[in-house]
Amino acid sequence: MHPEVLDALGLRAWNAVQLTGARVTVALAAAAEASSPTGVVLLDDVALMNLGLAEGAEVGVAPVQVSAAKRVVIAGSRIARATVAPETLRLALTGKVFGTGDTVSLLPQDVAPATTANAGEVRRKLSNAIGLTWTNELITIAATEPAGAVAVQPSTVVEWRDASSPQTAAPVAAPAPPTPVEREPAVPVADLVGSRDTAKRLGEWLRLAFEQPELLRRLGAEPHLGVLLSGPSGVGKATLARAVTADIGAELVELAAPSVAALEPGAAAQRLQDAINRATSAAGKRVLLLTDVESLLPGTEPPPLATVALDAIRGAIGTDGLAVVVTSSQPQSIDPRLREPGLVDRELTLGLPDDATRTDLLRVLLRNAPLADDVQLSEVAERAPGFVVADLVALCREAAVGAALRHQDDSADPRIRQQDLLDALASVRPISMSTSDNLQTGGLTLDDVGDMTEVKQSLTETVLWPLQYPDSFTRLGVEPPRGVLLYGPPGCGKTFLVRALAGSGRLNVLAVKGAELMDKWVGESERAVRELFLRAANAAPALVFLDEVDALAPRRGQSSDSGVADRVVAALLTELDGVEPMRDVVVLGATNRPELVDPALLRPGRLERLVYVPPPDADAREAILRAAAKNTPLASDVDIPALAAELDGYSAADCAALIREAALTAMRESLAAAEVSAAHLATARKAVRPSLDPAQLASLESYAQSHRP
């Protein structure tokens with residue numbers, strides 16, 4: 001891990017950590033290169049196997065307390081049990097940490113600081129015992145005493161588990177079929193607000209396949225049905241399948257693909273086959289629902305289990321009276337073999353709810369809750385852009401909790417107020433914005449931005465109007481602008497403007513610095529661009545903010561990075577005006593060097609509107625100083641207008657830094673200081689110098705003149 005992450009967790013190199021994925025394991029943490037990404041953990045194949053994850057998945061990391069093992073029971077191959085002595089096994093395990101159920105390599109721990117084991121001696125013994133294949137030998141920790149994370153000590157008793165012993169096997173062994181749980185009643189189809197047409201279509205297909213198979217055969221079609229339900233996470237795909245299945249009177253057999261994919265391949269195949277057997281052995285109409293199928297059948301590097309799963313699904317679809325419905329929030333990541341003719345060859349898509357649909361959904365979700373007279377669900381829906389059904393359920397629950405806390409001392413007539421719902425909006429983050437690249441507005445609006453009248457008007461027309469008044473553009477028969485390039489000298493408020501714009505428009509903002517999307521591995525940068533725009537589409541109405549866009553989209557043919565930048569520019573252009581048009585998504589790029597941006601990105605239909613953010617003049621500097629000092633008590637001798645007139649060459653950031661430095665100067669004189677005087681400001685000016693470069697300003701002014709509409 002990155003050294004900074006180790007420090008943040010209170011760890012030193014080679015301390016033990018607990019890793020949480022599909023299952024929990026332990027490992028030793030080493031320090032990565034300081035230039036490596038802070039949010040990336042590098043794991044070996046054995047650790048990934050123990051976690052039940054694939055490369056690129058998310059993993060939780062936490063410190064863990066390691067105990068000295070008194071006894072360790074090992075399970076392994078027949079040849080290892082017959083040839084490797086327990087003493088050799090103990091030496092091979094020295095320097096490692098593990099827990100019950102972990103798979104461990106017999107390779108000695110020779111990358112950490114020196115251990116008590118003689119690595120060369122261990123290698124020789126293992127080679128003599130097993131042969132040349134000893135380096136590939138893996139063992140499983142069947143049991144430890146005590147339980148939890150342990151490490152082998154010289155006094156630890158290490159022994160092989162007897163193959164005939166009925167001791168409990170490792171957790172990766174084939175699990176028993178899950179115990180059926182009592183499900184909540186299916187949602188009525190009438191309550192599927194915004195998805196009734198999709199539900200009607202799925203119901204028609206199911207009834208035709210179940211009730212009129214002979215009609216299909218006479219018309220030359222087989223009465224077999226496989227359907228893919230796609231849409232953003234939390235939009236209600238599985239709920240729709242359950243509702244339609246109950247509506248037509250069919251029996252539902254449901255299986256979560258992620259829970260299957262996390263198992264050992266043999267156990268996973270058995271779990272899938274058990275579900276199919278339950279579906280095929282039942283009488284009457286049956287529907288097999290497989291949720292989040294992309295985890296079981298990934299599109300890139302599908303495991304051998306994928307072939308077994310496809311064969312099992314093919315057999316299920318060929319059964320009379322059985323339909324297969326699969327769901328996915330990432331249909332582009334599914335193994336294409338699943339959509340071959342005769343398998344899951346039909347698709348229905350659930351879209352994001354708009355304002356009117358969110359209002360109706362809130363009305364359905366809150367119909368049994370006591371509401372105060374001031375509740376305006378339409379206003380709440382307008383303030384919840386990008387919220388899907390699952391987000392609205394969480395919103396209603398959070399509002400109910402807030403109302404309960406308010407009424408806990410007086411529960412005579414508890415009701416949910418409008419303010420409870422609005423407060424819940426501040427704490428509930430939509431699923432589509434659960435990543436760390438969303439921009440926090442801090443309550444800013446464009447009204448908080450002093451001066452910059454022309455800039456604010458341009459941004460309002462280009463960014464807010466297409467999202468707030470789409471009917472006006474449709475009525476006039478024109479396509480709304482897709483993007484805008486914001487350029488100007490550093491420190492003059494470009495990012496501040498974007499935050500204020502997001503706060504004014506009540507839209508979701510995904511903010512990414514250009515350099516963050518660049519990756520040396522072939523295809524990774526392009527994939528990051530595609531995923532960024534996919535998240536924006538799932539969070540619509542949304543604004544994609546590309547800070548330092550000159551690093552992401554430099555002029556093609558002029559970089560020396562093996563063509564990575566050129567491919568990223570191509571991917572970005574494809575997303576901006578590709579075959580699939582963006583809907584309710586606006587792209588805003590910001591840069592200090594507009595001349596470095598690839599010209600193809602600036603043509604009409606892409607970042608077509610160029611907005612120059614000039615350095616602040618005297619009036620703007622006065623407004624900035626007043627805003628920066630609104631919480632700072634100033635002495636009567638401080639003349640803000642006169643000070644602003646003297647700060648030629650100061651950017652907005654410089655003006656804010658000047659107030660901050662003046663306050664620190666007052667504190668240096670006395671920690672009991674109650675105000676900032678003109679003398680403090682004069683002293684601060686000696687430390688805070690103007691940062692605007694006259695040559696850069698002249699260049700930007702010239703660029704603005706040449707690109708003025």
# chains A, B, ... in the order shown; residues from 1 in each chain; ligands from 1
>>> residues_around(residues="range 607-616 of chain A", least_positions_apart="4", cutoff="9 Å", atoms="only C-alpha atoms", output="number ranges by chain")
A: 451-452, 455, 458-459, 462, 481-494, 576, 587-589, 601-603, 620-621, 624, 648-652, 692, 697, 700-701, 704, 707-709
>>> write_last_selection(atoms="N, CA and C atoms", output="tab-separated table (two decimals), in the first residue's frame")
chain	number	residue	atom	x	y	z
A	451	ASP	N	-19.40	39.92	-8.89
A	451	ASP	CA	-19.01	40.37	-10.23
A	451	ASP	C	-19.21	39.24	-11.25
A	452	MET	N	-18.36	39.13	-12.25
A	452	MET	CA	-18.39	38.08	-13.28
A	452	MET	C	-19.79	37.92	-13.89
A	455	VAL	N	-19.72	36.07	-17.30
A	455	VAL	CA	-19.33	34.66	-17.14
A	455	VAL	C	-20.48	33.86	-16.56
A	458	SER	N	-23.15	33.28	-19.21
A	458	SER	CA	-22.75	32.28	-20.20
A	458	SER	C	-22.89	30.87	-19.64
A	459	LEU	N	-22.46	30.68	-18.40
A	459	LEU	CA	-22.57	29.36	-17.79
A	459	LEU	C	-24.02	28.97	-17.55
A	462	THR	N	-25.45	27.90	-20.95
A	462	THR	CA	-24.86	26.70	-21.53
A	462	THR	C	-25.09	25.46	-20.68
A	481	PRO	N	-26.44	22.95	-26.14
A	481	PRO	CA	-24.98	22.79	-26.11
A	481	PRO	C	-24.59	21.60	-25.23
A	482	ARG	N	-23.55	20.90	-25.65
A	482	ARG	CA	-23.13	19.72	-24.90
A	482	ARG	C	-22.00	20.02	-23.93
A	483	GLY	N	-21.27	21.10	-24.15
A	483	GLY	CA	-20.15	21.34	-23.26
A	483	GLY	C	-19.64	22.77	-23.36
A	484	VAL	N	-18.80	23.12	-22.38
A	484	VAL	CA	-18.22	24.45	-22.32
A	484	VAL	C	-16.80	24.32	-21.78
A	485	LEU	N	-15.92	25.15	-22.29
A	485	LEU	CA	-14.54	25.21	-21.80
A	485	LEU	C	-14.38	26.49	-21.01
A	486	LEU	N	-14.02	26.35	-19.75
A	486	LEU	CA	-13.79	27.48	-18.86
A	486	LEU	C	-12.28	27.67	-18.75
A	487	TYR	N	-11.77	28.83	-19.16
A	487	TYR	CA	-10.32	29.03	-19.12
A	487	TYR	C	-10.01	30.41	-18.54
A	488	GLY	N	-8.83	30.50	-17.97
A	488	GLY	CA	-8.41	31.75	-17.35
A	488	GLY	C	-7.19	31.51	-16.50
A	489	PRO	N	-6.60	32.55	-15.96
A	489	PRO	CA	-5.38	32.40	-15.15
A	489	PRO	C	-5.66	31.62	-13.87
A	490	PRO	N	-4.65	30.99	-13.31
A	490	PRO	CA	-4.86	30.21	-12.08
A	490	PRO	C	-5.25	31.11	-10.91
A	491	GLY	N	-6.11	30.54	-10.05
A	491	GLY	CA	-6.51	31.25	-8.85
A	491	GLY	C	-7.61	32.26	-9.03
A	492	CYS	N	-8.27	32.27	-10.19
A	492	CYS	CA	-9.29	33.28	-10.45
A	492	CYS	C	-10.71	32.76	-10.31
A	493	GLY	N	-10.87	31.55	-9.76
A	493	GLY	CA	-12.21	31.12	-9.36
A	493	GLY	C	-12.92	30.19	-10.31
A	494	LYS	N	-12.20	29.45	-11.16
A	494	LYS	CA	-12.88	28.55	-12.09
A	494	LYS	C	-13.58	27.41	-11.33
A	576	LEU	N	-18.51	12.31	-26.27
A	576	LEU	CA	-19.17	13.60	-26.43
A	576	LEU	C	-20.18	13.61	-27.57
A	587	VAL	N	-20.90	18.66	-20.20
A	587	VAL	CA	-19.48	18.53	-19.88
A	587	VAL	C	-18.88	19.93	-19.76
A	588	LEU	N	-18.13	20.15	-18.68
A	588	LEU	CA	-17.47	21.44	-18.48
A	588	LEU	C	-15.99	21.16	-18.21
A	589	GLY	N	-15.14	21.70	-19.08
A	589	GLY	CA	-13.71	21.58	-18.89
A	589	GLY	C	-13.11	22.88	-18.40
A	601	LEU	N	-11.60	18.92	-29.84
A	601	LEU	CA	-12.48	18.92	-28.67
A	601	LEU	C	-13.29	20.21	-28.58
A	602	LEU	N	-12.87	21.24	-29.30
A	602	LEU	CA	-13.47	22.56	-29.16
A	602	LEU	C	-14.41	22.92	-30.30
A	603	ARG	N	-14.64	21.97	-31.20
A	603	ARG	CA	-15.54	22.29	-32.30
A	603	ARG	C	-16.99	22.19	-31.85
A	620	ALA	N	-14.22	43.69	-8.40
A	620	ALA	CA	-14.29	42.26	-8.07
A	620	ALA	C	-13.40	41.94	-6.88
A	621	ARG	N	-12.22	42.57	-6.82
A	621	ARG	CA	-11.33	42.32	-5.67
A	621	ARG	C	-11.97	42.80	-4.38
A	624	ILE	N	-14.44	40.20	-3.35
A	624	ILE	CA	-13.74	39.00	-2.87
A	624	ILE	C	-13.20	39.23	-1.47
A	648	ASP	N	-3.44	45.31	-7.57
A	648	ASP	CA	-3.36	44.96	-9.00
A	648	ASP	C	-2.43	43.75	-9.17
A	649	GLY	N	-2.89	42.74	-9.93
A	649	GLY	CA	-2.10	41.53	-10.14
A	649	GLY	C	-2.42	40.43	-9.16
A	650	TYR	N	-3.31	40.71	-8.19
A	650	TYR	CA	-3.72	39.69	-7.23
A	650	TYR	C	-4.90	38.90	-7.79
A	651	SER	N	-4.85	37.60	-7.68
A	651	SER	CA	-5.97	36.76	-8.08
A	651	SER	C	-6.96	36.64	-6.94
A	652	ALA	N	-8.08	35.96	-7.18
A	652	ALA	CA	-9.06	35.76	-6.11
A	652	ALA	C	-8.45	34.96	-4.97
A	692	LEU	N	-0.37	36.49	-10.35
A	692	LEU	CA	-0.71	36.55	-11.77
A	692	LEU	C	0.51	36.95	-12.60
A	697	LEU	N	-1.14	36.40	-18.62
A	697	LEU	CA	-2.37	37.17	-18.80
A	697	LEU	C	-2.48	37.70	-20.22
A	700	LEU	N	-3.46	34.82	-22.51
A	700	LEU	CA	-4.86	34.44	-22.37
A	700	LEU	C	-5.78	35.50	-22.95
A	701	GLU	N	-5.43	36.77	-22.78
A	701	GLU	CA	-6.24	37.84	-23.38
A	701	GLU	C	-6.24	37.73	-24.90
A	704	ALA	N	-8.43	34.87	-25.87
A	704	ALA	CA	-9.84	35.22	-25.73
A	704	ALA	C	-10.31	36.12	-26.86
A	707	HIS	N	-10.85	34.07	-30.04
A	707	HIS	CA	-11.95	33.10	-29.99
A	707	HIS	C	-13.24	33.72	-29.50
A	708	ARG	N	-13.30	35.04	-29.53
A	708	ARG	CA	-14.53	35.70	-29.10
A	708	ARG	C	-15.60	35.53	-30.18
A	709	PRO	N	-16.83	35.13	-29.82
A	709	PRO	CA	-17.87	34.92	-30.82
A	709	PRO	C	-18.30	36.23	-31.46
>>> select_by_dssp(residues="range 292-356 of chain A", states="alpha helix (DSSP H)", output="mmCIF file with all heavy atoms, in the first residue's frame")
data_model
loop_
_atom_site.group_PDB
_atom_site.id
_atom_site.type_symbol
_atom_site.label_atom_id
_atom_site.label_comp_id
_atom_site.auth_asym_id
_atom_site.auth_seq_id
_atom_site.Cartn_x
_atom_site.Cartn_y
_atom_site.Cartn_z
ATOM 1 N N PRO A 304 -13.242 -20.176 -16.116
ATOM 2 C CA PRO A 304 -13.855 -21.431 -16.588
ATOM 3 C C PRO A 304 -15.269 -21.637 -16.067
ATOM 4 O O PRO A 304 -16.090 -22.271 -16.722
ATOM 5 C CB PRO A 304 -12.892 -22.500 -16.063
ATOM 6 C CG PRO A 304 -11.574 -21.800 -15.927
ATOM 7 C CD PRO A 304 -11.905 -20.400 -15.537
ATOM 8 N N LEU A 305 -15.550 -21.090 -14.864
ATOM 9 C CA LEU A 305 -16.892 -21.225 -14.316
ATOM 10 C C LEU A 305 -17.938 -20.620 -15.240
ATOM 11 O O LEU A 305 -19.091 -21.073 -15.261
ATOM 12 C CB LEU A 305 -16.943 -20.537 -12.945
ATOM 13 C CG LEU A 305 -18.310 -20.463 -12.256
ATOM 14 C CD1 LEU A 305 -18.841 -21.860 -11.964
ATOM 15 C CD2 LEU A 305 -18.221 -19.649 -10.975
ATOM 16 N N ALA A 306 -17.559 -19.590 -16.027
ATOM 17 C CA ALA A 306 -18.522 -18.945 -16.915
ATOM 18 C C ALA A 306 -19.074 -19.930 -17.939
ATOM 19 O O ALA A 306 -20.272 -19.921 -18.246
ATOM 20 C CB ALA A 306 -17.870 -17.752 -17.615
ATOM 21 N N THR A 307 -18.215 -20.787 -18.476
ATOM 22 C CA THR A 307 -18.675 -21.768 -19.455
ATOM 23 C C THR A 307 -19.650 -22.746 -18.826
ATOM 24 O O THR A 307 -20.682 -23.098 -19.413
ATOM 25 C CB THR A 307 -17.470 -22.527 -20.045
ATOM 26 O OG1 THR A 307 -16.566 -21.582 -20.637
ATOM 27 C CG2 THR A 307 -17.919 -23.516 -21.103
ATOM 28 N N VAL A 308 -19.350 -23.191 -17.609
ATOM 29 C CA VAL A 308 -20.253 -24.098 -16.897
ATOM 30 C C VAL A 308 -21.591 -23.409 -16.626
ATOM 31 O O VAL A 308 -22.662 -24.002 -16.795
ATOM 32 C CB VAL A 308 -19.601 -24.562 -15.577
ATOM 33 C CG1 VAL A 308 -20.545 -25.457 -14.791
ATOM 34 C CG2 VAL A 308 -18.295 -25.285 -15.854
ATOM 35 N N ALA A 309 -21.534 -22.135 -16.200
ATOM 36 C CA ALA A 309 -22.763 -21.397 -15.909
ATOM 37 C C ALA A 309 -23.602 -21.210 -17.169
ATOM 38 O O ALA A 309 -24.838 -21.333 -17.130
ATOM 39 C CB ALA A 309 -22.417 -20.041 -15.294
ATOM 40 N N LEU A 310 -22.960 -20.911 -18.296
ATOM 41 C CA LEU A 310 -23.699 -20.744 -19.551
ATOM 42 C C LEU A 310 -24.393 -22.036 -19.958
ATOM 43 O O LEU A 310 -25.544 -22.026 -20.420
ATOM 44 C CB LEU A 310 -22.747 -20.280 -20.650
ATOM 45 C CG LEU A 310 -22.289 -18.821 -20.572
ATOM 46 C CD1 LEU A 310 -21.153 -18.563 -21.553
ATOM 47 C CD2 LEU A 310 -23.451 -17.884 -20.864
ATOM 48 N N ASP A 311 -23.706 -23.157 -19.806
ATOM 49 C CA ASP A 311 -24.331 -24.445 -20.137
ATOM 50 C C ASP A 311 -25.535 -24.708 -19.238
ATOM 51 O O ASP A 311 -26.571 -25.214 -19.695
ATOM 52 C CB ASP A 311 -23.312 -25.573 -19.996
ATOM 53 C CG ASP A 311 -22.251 -25.536 -21.087
ATOM 54 O OD1 ASP A 311 -22.509 -24.897 -22.130
ATOM 55 O OD2 ASP A 311 -21.172 -26.129 -20.904
ATOM 56 N N ALA A 312 -25.405 -24.385 -17.945
ATOM 57 C CA ALA A 312 -26.519 -24.603 -17.024
ATOM 58 C C ALA A 312 -27.704 -23.704 -17.377
ATOM 59 O O ALA A 312 -28.864 -24.141 -17.354
ATOM 60 C CB ALA A 312 -26.061 -24.340 -15.591
ATOM 61 N N ILE A 313 -27.437 -22.437 -17.727
ATOM 62 C CA ILE A 313 -28.517 -21.519 -18.105
ATOM 63 C C ILE A 313 -29.160 -21.965 -19.405
ATOM 64 O O ILE A 313 -30.389 -21.891 -19.575
ATOM 65 C CB ILE A 313 -27.974 -20.083 -18.209
ATOM 66 C CG1 ILE A 313 -27.511 -19.589 -16.830
ATOM 67 C CG2 ILE A 313 -29.024 -19.139 -18.776
ATOM 68 C CD1 ILE A 313 -26.802 -18.255 -16.864
ATOM 69 N N ARG A 314 -28.340 -22.443 -20.349
ATOM 70 C CA ARG A 314 -28.884 -22.938 -21.617
ATOM 71 C C ARG A 314 -29.833 -24.106 -21.382
ATOM 72 O O ARG A 314 -30.914 -24.190 -21.996
ATOM 73 C CB ARG A 314 -27.744 -23.348 -22.545
ATOM 74 C CG ARG A 314 -28.216 -23.770 -23.931
ATOM 75 C CD ARG A 314 -27.052 -24.133 -24.829
ATOM 76 N NE ARG A 314 -26.277 -22.931 -25.207
ATOM 77 C CZ ARG A 314 -25.079 -22.654 -24.728
ATOM 78 N NH1 ARG A 314 -24.497 -23.462 -23.854
ATOM 79 N NH2 ARG A 314 -24.453 -21.558 -25.116
ATOM 80 N N GLY A 315 -29.450 -24.993 -20.476
ATOM 81 C CA GLY A 315 -30.333 -26.105 -20.163
ATOM 82 C C GLY A 315 -31.618 -25.661 -19.496
ATOM 83 O O GLY A 315 -32.690 -26.229 -19.741
ATOM 84 N N ALA A 316 -31.533 -24.626 -18.649
ATOM 85 C CA ALA A 316 -32.738 -24.133 -17.977
ATOM 86 C C ALA A 316 -33.696 -23.483 -18.966
ATOM 87 O O ALA A 316 -34.917 -23.695 -18.901
ATOM 88 C CB ALA A 316 -32.351 -23.138 -16.883
ATOM 89 N N ILE A 317 -33.154 -22.691 -19.906
ATOM 90 C CA ILE A 317 -34.014 -22.014 -20.879
ATOM 91 C C ILE A 317 -34.701 -23.028 -21.785
ATOM 92 O O ILE A 317 -35.817 -22.807 -22.263
ATOM 93 C CB ILE A 317 -33.183 -20.995 -21.689
ATOM 94 C CG1 ILE A 317 -32.756 -19.832 -20.787
ATOM 95 C CG2 ILE A 317 -33.959 -20.463 -22.876
ATOM 96 C CD1 ILE A 317 -31.897 -18.802 -21.462
ATOM 97 N N ASP A 355 -38.407 14.047 -12.805
ATOM 98 C CA ASP A 355 -38.995 14.741 -11.658
ATOM 99 C C ASP A 355 -40.412 14.248 -11.372
ATOM 100 O O ASP A 355 -40.771 13.987 -10.216
ATOM 101 C CB ASP A 355 -39.011 16.252 -11.916
ATOM 102 C CG ASP A 355 -37.625 16.869 -11.840
ATOM 103 O OD1 ASP A 355 -36.685 16.142 -11.470
ATOM 104 O OD2 ASP A 355 -37.482 18.063 -12.150
ATOM 105 N N ALA A 356 -41.234 14.130 -12.426
ATOM 106 C CA ALA A 356 -42.621 13.708 -12.230
ATOM 107 C C ALA A 356 -42.687 12.280 -11.693
ATOM 108 O O ALA A 356 -43.497 11.974 -10.803
ATOM 109 C CB ALA A 356 -43.393 13.817 -13.549
#
>>> atom_distance(atom1="CA of Asp102 in chain A", atom2="CA of Thr25 in chain A")
6.7 Å
>>> residues_around(residues="Ala279 in chain A", least_positions_apart="3", cutoff="10 Å", atoms="only C-alpha atoms", output="PyMOL selection string")
chain A and resi 251-254+273-276+282-283+285-289+316+319+321-324
>>> residues_around(residues="range 419-428 of chain A", least_positions_apart="3", cutoff="7 Å", atoms="only C-alpha atoms", output="NGL selection string")
:A and (380 or 394-395 or 398-399 or 402-403 or 416)
